[in-house]
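Colleague: Sending over a structure as structure tokens; questions will come in a sec.
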Amino acid sequence: MNKEERIELADLLFPNLENSIAEIEKKYPERNLPEDAMVTRYGPSPTGNVHLGNLLSAFCDMVYARESHGVFFLRIEDTDQKRMIEGGIDNITSVLKDFDIIPTEGYSYGGEYGPYKQSERTEIYQAYIKELIIKDLAYPCFMSAEEIESIRLEQEKEKTKIGIYGIYATDRDLSLKEIKEKINAGKEYVIRLKSPGNANNIITFVDEIKGKMKFPEHNMDTILLKKDGTPTYHLAHVIDDHLMHTTHVIRGDEWVSSIPLHLQLFEVLGFKPVKYAHIAPITIKDKETGNTRKISKRKDPFFGVKYYEENGIPIEALHLYLATITNTNFEEWYLANPDKTIADFTFTFEKQAVGGTSFDEEKLNNLCKTYFSRKKGEEIYEETLAWAQKHDTDYARILEENKEDMIRFLNIEKDGPRPRKDISKYSEVKEEFYYAIDEYFEEENYRNTSFDKEYDLDLIEDYLNSISLDLTNEEWFSQTKDFAEKNGYAKTPKEYKKDPDSYKGHVGDICEAVRVILTGRLKSPDLYSIMKILGKERIFKRLDMYKKVVAK
RNA sequence: GGCCUGUUGGUGAAGUGGUUUAACACACUGCCCUUUCACGGCAGCAUUCACGAGUUCAAAUCUCGUACAGGUCACCA
């Protein structure tokens with residue numbers, strides 16, 4: 001085909017395009033940003049639930065754009081209408097919102113570089129395809145699924161590379177006449193790239209994360225436009241990221257193998273290529289096989305984003321975990337800087353893992369504890385309440401009714417430099433502080449306490465009568481020791497251990513009895529703080545309850 | 001099978017040719033602190049970096065081979 005014929009073909013295939021390439025390009029001017037600013041994008045396809053890996057890549061997009069004062073936009077990649085699921089798009093936007101990963105631009109956020117939904121951009125892709133046909137870099141291909149399948153079988157047998165290329169690309173050099181005949185006969189077709197590559201050439205490429213890589217040049221006549229006129233991911237990616245002036249495409253490792261194709265498309269279309277940063281997959285040990293593998297939506301519902309929400313893992317703690325996966329030096333920095341947040345950290349591609357990253361639940365758990373330990377009681381209260389309103393409305397009611405008490409309980413031992421780390425999830429607050437709520441405490445009625453140990457309840461009653469609740473912690477403990485001594489108990493466990501026969505016990509035994517009576521358990525945060533919050537009236541009420549239970 | 005990428009302790013990992021007798025964190029164990037539990041402190045936990053060969057005065061770090069693992073090879077993204 002000569003150029004005139006190709007123009008005729010292009011017009012025949014795409015007769016009614018509204019805008020020329022020149023007009024399209026005009027609508028997407030350079031962005032007015034500082035020189036080093038990164039423009040990143042999250043491009044989910046609304047075909048299922050969002051999982052941890054998706055979240056990680058969106059998180060990376062966000063932090064890199066934020067720290068370089070760039071742009072992070074959301075683009076819905078819905079070119080495959082068949083796989084769309086109902087509510088898929090809304091699900092994506094709401095998950096991003098819930099997880100506090102907020103684009104600065106894009107679908108549902110607005111911006112000048114839209115539309116940010118690929119299904120609304122079909123004509124744009126077609127305009128570029130039309131150009132490629134004129135330039136002899138794309139062609140209509142009429143091969144049927146059966147033909148392609150038989151070629152594949154043959155290639156498998158011959159042990160050659162699988163795909164449509166070279167001699168297998170039978171429709172590559174059809175004449176205009178032949179094409180017209182096929183179209184008139186009602187044959188359906190796709191548009192394929194007329195790949196100018198030679199697989200014997202080696203191309204080198206530098207990934208922002210993985211570093212230098214070598215590949216054979218791309219030589220497949222990859223499908224660019226599907227039978228229904230919509231683009232494949234590859235075409236849409238290259239055109240959109242060109243027009244939207246994306247500087248860095250941060251995406252999953254699974255895309256590495258299409259780098260040669262994408263690079264070739266940038267070249268063929270005359271675009272400046274983006275920089276790529278391929279994130280190592282989050283992996284998990286498969287329970288059945290014992291092998292490490294990438295997390296999957298189907299096999300690991302656990303890694304669906306809902307899990308975190310439902311179990312009350314704080315979003316910020318999850319961010320912390322994503323940050324430790326993103327940059328291997330983050331965790332150490334965070335621990336060394338107790339007063340700083342993620343936004344103060346500078347992420348770099350160099351510090352990003354190259355191989356797979358195993359999901360470590362223990363680590364997440366620990367990060368959550370650190371997160372809670374750094375929060376004030378008020379904050380924990382508010383966040384827990386917000387969570388409970390969604391997932392445990394009964395507890396939300398209780399929290400609201402006991403707001404002041406709860407905050408005081410949550411603040412116990414928060415003043416010092418070494419805060420407690422006993423909560424890792426919102427859902428644990430209820431269990432950890434059930435004794436803070438009279439209603440629960442009465443219900444529980446020492447259910448989890450074993451009564452094999454007998455306490456001198458008269459003595460404890462005397463003690464509780466004698467102790468004032470207006471003391472400092474030091475004064476209280478010193479008085480408690482005095483009380484212990486007066487009543488035949490050792491002042492310290494050490495003294496007791498030296499000469500157990502001379503004492504009935506030691507001060508710790510008295511504290512233990514009080515602790516069991518007031519909280520129903522052997523372990524608790526600072527006892528005197530609890531006593532102060534409860535007040536005398538509730539203290540004696542609990543003592544009476546305890547007596548009744550023991551009497552049974 | 002082709003192509004690409006990995007492989008460091010119980011776990012996540014730092015490490016880019018020589019102050020590495022391999023950081024840090026999690027987990028675990030022991031001790032200390034202590035009214036309990038946490039928190040915190042100290043100590044222990046890889047004489048060795050999948051294996052084999054090579055380059056070098058010097059290798060976890062560079063090269064090659066082997067094994068294993070992961071990814072990918074759709075009119076899905």
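Letters A, B, ... go to the chains of the structure tokens in the order shown; residues in each chain start at 1; ligands are counted from 1 in the same order.
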Distance cut-off 8 Å, counting only C-alpha atoms (C1' of nucleotides) - which residues of chain A neighbour chain B? Return them as a compact mmCIF listing (two decimals) with N, CA and C atoms, in the first residue's frame.
Modeller:
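Below is the file that was written, selection-v9.txt:
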```txt
# COMPACT_ATOMS: atom_id res chain seq x y z
N PRO A 44 -6.81 2.30 38.27
CA PRO A 44 -7.46 1.03 38.56
C PRO A 44 -8.51 0.68 37.51
N SER A 45 -8.74 -0.60 37.35
CA SER A 45 -9.84 -0.98 36.48
C SER A 45 -10.94 -1.53 37.39
N GLU A 77 -9.59 3.00 34.44
CA GLU A 77 -9.20 2.26 33.24
C GLU A 77 -10.25 1.19 32.95
N ASP A 80 -12.36 -2.32 29.30
CA ASP A 80 -12.97 -3.63 29.09
C ASP A 80 -14.36 -3.68 29.73
N ARG A 83 -15.71 -6.88 31.61
CA ARG A 83 -15.30 -7.28 32.95
C ARG A 83 -15.75 -6.31 34.04
N GLU A 156 3.91 -23.63 19.72
CA GLU A 156 4.28 -24.44 20.88
C GLU A 156 5.05 -25.68 20.45
N LYS A 159 8.37 -24.85 19.38
CA LYS A 159 9.12 -24.20 20.46
C LYS A 159 9.64 -22.82 20.06
N THR A 160 8.86 -22.10 19.31
CA THR A 160 9.23 -20.73 18.99
C THR A 160 8.36 -19.78 19.81
N LYS A 161 8.71 -18.55 19.74
CA LYS A 161 8.00 -17.53 20.51
C LYS A 161 6.53 -17.50 20.09
N ILE A 162 5.68 -17.41 21.07
CA ILE A 162 4.25 -17.43 20.81
C ILE A 162 3.75 -16.02 20.53
N VAL A 190 -9.53 -6.36 14.17
CA VAL A 190 -8.90 -5.56 15.23
C VAL A 190 -7.81 -4.74 14.54
N PHE A 215 16.23 -6.23 27.49
CA PHE A 215 15.19 -7.04 26.85
C PHE A 215 15.47 -7.15 25.36
N ILE A 223 -2.22 -6.27 19.60
CA ILE A 223 -3.51 -5.61 19.33
C ILE A 223 -3.56 -4.27 20.06
N LEU A 225 -6.28 -1.90 19.09
CA LEU A 225 -7.71 -1.57 19.16
C LEU A 225 -8.49 -2.86 19.02
N LYS A 226 -9.40 -3.06 19.94
CA LYS A 226 -10.16 -4.31 19.92
C LYS A 226 -11.28 -4.23 18.87
N LYS A 227 -11.88 -5.37 18.65
CA LYS A 227 -12.95 -5.48 17.67
C LYS A 227 -14.02 -4.41 17.88
N TYR A 233 -5.15 -1.98 26.98
CA TYR A 233 -4.45 -1.24 28.03
C TYR A 233 -3.22 -0.52 27.50
N ASP A 253 4.75 -4.95 39.51
CA ASP A 253 5.77 -5.78 38.91
C ASP A 253 5.29 -6.58 37.69
N GLU A 254 4.01 -6.93 37.68
CA GLU A 254 3.49 -7.77 36.60
C GLU A 254 3.56 -7.09 35.24
N TRP A 255 3.85 -5.78 35.24
CA TRP A 255 3.93 -5.04 33.99
C TRP A 255 5.32 -5.03 33.39
N VAL A 256 6.28 -5.51 34.11
CA VAL A 256 7.67 -5.43 33.64
C VAL A 256 7.81 -6.01 32.24
N SER A 257 7.16 -7.14 32.01
CA SER A 257 7.36 -7.79 30.73
C SER A 257 6.76 -7.02 29.57
N ASN A 291 4.73 -22.49 49.17
CA ASN A 291 5.55 -21.59 48.37
C ASN A 291 5.15 -20.13 48.57
N THR A 292 6.09 -19.27 48.26
CA THR A 292 5.80 -17.84 48.31
C THR A 292 5.13 -17.45 47.00
N ARG A 293 4.08 -16.69 47.09
CA ARG A 293 3.46 -16.22 45.85
C ARG A 293 2.82 -14.86 46.09
N LYS A 294 2.55 -14.22 44.99
CA LYS A 294 1.93 -12.91 45.03
C LYS A 294 0.56 -13.01 45.68
N THR A 328 12.51 0.86 52.57
CA THR A 328 13.02 -0.05 53.59
C THR A 328 13.64 0.68 54.78
N GLU A 331 10.98 2.45 58.54
CA GLU A 331 10.67 1.97 59.88
C GLU A 331 11.66 2.48 60.92
N GLU A 332 12.93 2.38 60.57
CA GLU A 332 13.96 2.83 61.49
C GLU A 332 13.82 4.33 61.77
N VAL A 354 13.39 -4.45 45.62
CA VAL A 354 13.41 -4.90 44.23
C VAL A 354 12.67 -6.24 44.09
N GLY A 355 12.94 -7.15 45.03
CA GLY A 355 12.28 -8.45 45.00
C GLY A 355 10.90 -8.36 45.65
N GLY A 356 10.32 -9.49 45.89
CA GLY A 356 9.01 -9.51 46.53
C GLY A 356 9.07 -9.07 47.98
N SER A 358 7.34 -9.75 51.52
CA SER A 358 6.42 -10.62 52.23
C SER A 358 5.55 -9.84 53.19
N ASP A 360 3.93 -9.23 56.46
CA ASP A 360 4.28 -9.64 57.81
C ASP A 360 3.24 -9.10 58.79
N GLU A 362 2.69 -9.76 61.90
CA GLU A 362 3.24 -9.40 63.21
C GLU A 362 3.73 -7.95 63.20
N LYS A 363 4.36 -7.63 62.11
CA LYS A 363 4.92 -6.30 61.99
C LYS A 363 3.82 -5.25 61.92
N ASN A 366 2.49 -4.79 65.33
CA ASN A 366 3.37 -3.99 66.17
C ASN A 366 3.32 -2.50 65.81
N ARG A 418 7.23 6.65 78.11
CA ARG A 418 7.13 5.25 77.70
C ARG A 418 5.70 4.77 77.75
N PRO A 419 4.91 5.19 76.79
CA PRO A 419 3.50 4.83 76.81
C PRO A 419 3.28 3.33 76.64
N ARG A 420 2.15 2.90 77.18
CA ARG A 420 1.79 1.49 77.05
C ARG A 420 1.52 1.14 75.60
N LYS A 421 1.69 -0.14 75.29
CA LYS A 421 1.34 -0.61 73.93
C LYS A 421 0.42 -1.80 74.07
N ASP A 422 -0.79 -1.56 74.48
CA ASP A 422 -1.65 -2.74 74.63
C ASP A 422 -2.82 -2.80 73.67
N VAL A 507 3.07 -6.45 99.51
CA VAL A 507 2.20 -5.37 99.03
C VAL A 507 1.56 -5.71 97.69
N GLY A 508 2.28 -6.46 96.89
CA GLY A 508 1.74 -6.84 95.59
C GLY A 508 0.49 -7.69 95.71
N ASP A 509 0.42 -8.47 96.75
CA ASP A 509 -0.76 -9.32 96.93
C ASP A 509 -2.01 -8.48 97.20
N CYS A 511 -2.35 -5.37 96.19
CA CYS A 511 -2.68 -4.74 94.90
C CYS A 511 -3.40 -5.72 93.98
N GLU A 512 -2.94 -6.96 94.01
CA GLU A 512 -3.56 -7.96 93.14
C GLU A 512 -5.03 -8.14 93.49
N LEU A 522 -6.12 -10.14 86.25
CA LEU A 522 -4.85 -10.07 86.99
C LEU A 522 -3.90 -9.01 86.44
N LYS A 523 -4.18 -8.58 85.25
CA LYS A 523 -3.32 -7.56 84.66
C LYS A 523 -4.15 -6.33 84.34
N SER A 524 -3.56 -5.18 84.52
CA SER A 524 -4.26 -3.95 84.17
C SER A 524 -3.25 -2.82 84.10
N PRO A 525 -3.66 -1.73 83.51
CA PRO A 525 -2.81 -0.54 83.60
C PRO A 525 -2.76 -0.07 85.06
```
Colleague: To one decimal in Å, tell me the separation between atom CA of A:Arg31 and atom CA of A:Met244.
Modeller: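 Separating atom CA of A:Arg31 from atom CA of A:Met244 is a distance of 8.5 Å.
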Colleague: Can you tell me, as a list in words, what residues are no more than 8 Å from A:Thr47 when counting only C-alpha atoms (C1' of nucleotides), ignoring any on the same chain fewer than 4 positions away?
Modeller: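 Result of the neighbour search: Arg83, Met84, Ile85 and Gly88 of chain A.
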Colleague: Once you have the residues from the selection above, write them out as a PDB file, in the first residue's frame, restricted to N, CA and C atoms.
Modeller:
```pdb
ATOM      1  N   ARG A  83     -15.712  -6.884  31.606  1.00  0.00           N
ATOM      2  CA  ARG A  83     -15.299  -7.277  32.949  1.00  0.00           C
ATOM      3  C   ARG A  83     -15.754  -6.309  34.038  1.00  0.00           C
ATOM      4  N   MET A  84     -16.392  -5.249  33.629  1.00  0.00           N
ATOM      5  CA  MET A  84     -16.876  -4.271  34.602  1.00  0.00           C
ATOM      6  C   MET A  84     -17.791  -4.937  35.630  1.00  0.00           C
ATOM      7  N   ILE A  85     -17.656  -4.556  36.866  1.00  0.00           N
ATOM      8  CA  ILE A  85     -18.631  -5.047  37.825  1.00  0.00           C
ATOM      9  C   ILE A  85     -19.441  -3.865  38.334  1.00  0.00           C
ATOM     10  N   GLY A  88     -18.322  -0.871  40.612  1.00  0.00           N
ATOM     11  CA  GLY A  88     -16.868  -0.959  40.665  1.00  0.00           C
ATOM     12  C   GLY A  88     -16.181   0.392  40.814  1.00  0.00           C
TER      13      GLY A  88
END
```
Colleague: Near stretch 369-385 of chain A, counting only C-alpha atoms (C1' of nucleotides), which residues have an atom at most 7 Å away, once you skip same-chain residues fewer than 5 positions from it, shown as an MDAnalysis selection string?
Modeller: chainID A and resid 317 396 399 407:408 410:411 419:424 426
Colleague: Expressed in Å to a single decimal, how great is the separation between atom CA of A:Asp415 and atom CA of A:Pro338?
Modeller: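 Taking atom CA of A:Asp415 and atom CA of A:Pro338, their separation equals 14.2 Å.
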Colleague: Interatomic distance between atom CA of A:Met38 and atom CA of A:Thr204?
Modeller: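 Going from atom CA of A:Met38 over to atom CA of A:Thr204 covers 23.1 Å.
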Colleague: Any idea what's packed within 10 Å of A:Asp392, counting only C-alpha atoms (C1' of nucleotides), ignoring anything in its chain fewer than 5 positions away? Could you give it as a list in words?
Modeller: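 The contact residues come out as Glu310, Leu385, Ala386, Trp387, Arg397 and Ser427 of chain A.
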Colleague: Write out as a list in words which residues come within 8 Å of stretch 42-52 of chain B when counting only C-alpha atoms (C1' of nucleotides), dropping same-chain ones fewer than 4 positions away.
Modeller: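 Near stretch 42-52 of chain B, the qualifying residues are U7, U8, G9, U21, A22, U29, G30, C31, C32, A60, G65, U66, A67 and C68 of chain B.
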Colleague: Hey, what's within 12 Å of A:Gly114 if we count only C-alpha atoms (C1' of nucleotides) and toss same-chain stuff fewer than 4 positions away? As a list in words, please?
Modeller: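 Contacts, in chain order: Ile24, Lys27, Tyr28, Phe73, Leu74, Arg75, Ile76, Glu105, Gly106, Tyr107, Ser108, Tyr109, Gly110, Gln118, Ser119, Glu120, Arg121, Ile124, Asp240, Asp241, Leu243, Met244 and His245 of chain A.
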Colleague: Give me every helix (DSSP H, G or I) residue in stretch 125-293 of chain A, going by DSSP on the backbone, as JSON, numbers by chain.
Modeller: {"A": [125, 126, 127, 128, 129, 130, 131, 132, 133, 134, 145, 146, 147, 148, 149, 150, 151, 152, 153, 154, 155, 156, 157, 158, 166, 167, 168, 176, 177, 178, 179, 180, 181, 182, 183, 184, 233, 234, 235, 236, 237, 238, 239, 240, 241, 242, 243, 253, 254, 255, 256, 257, 258, 259, 260, 261, 262, 263, 264, 265, 266, 267, 268]}
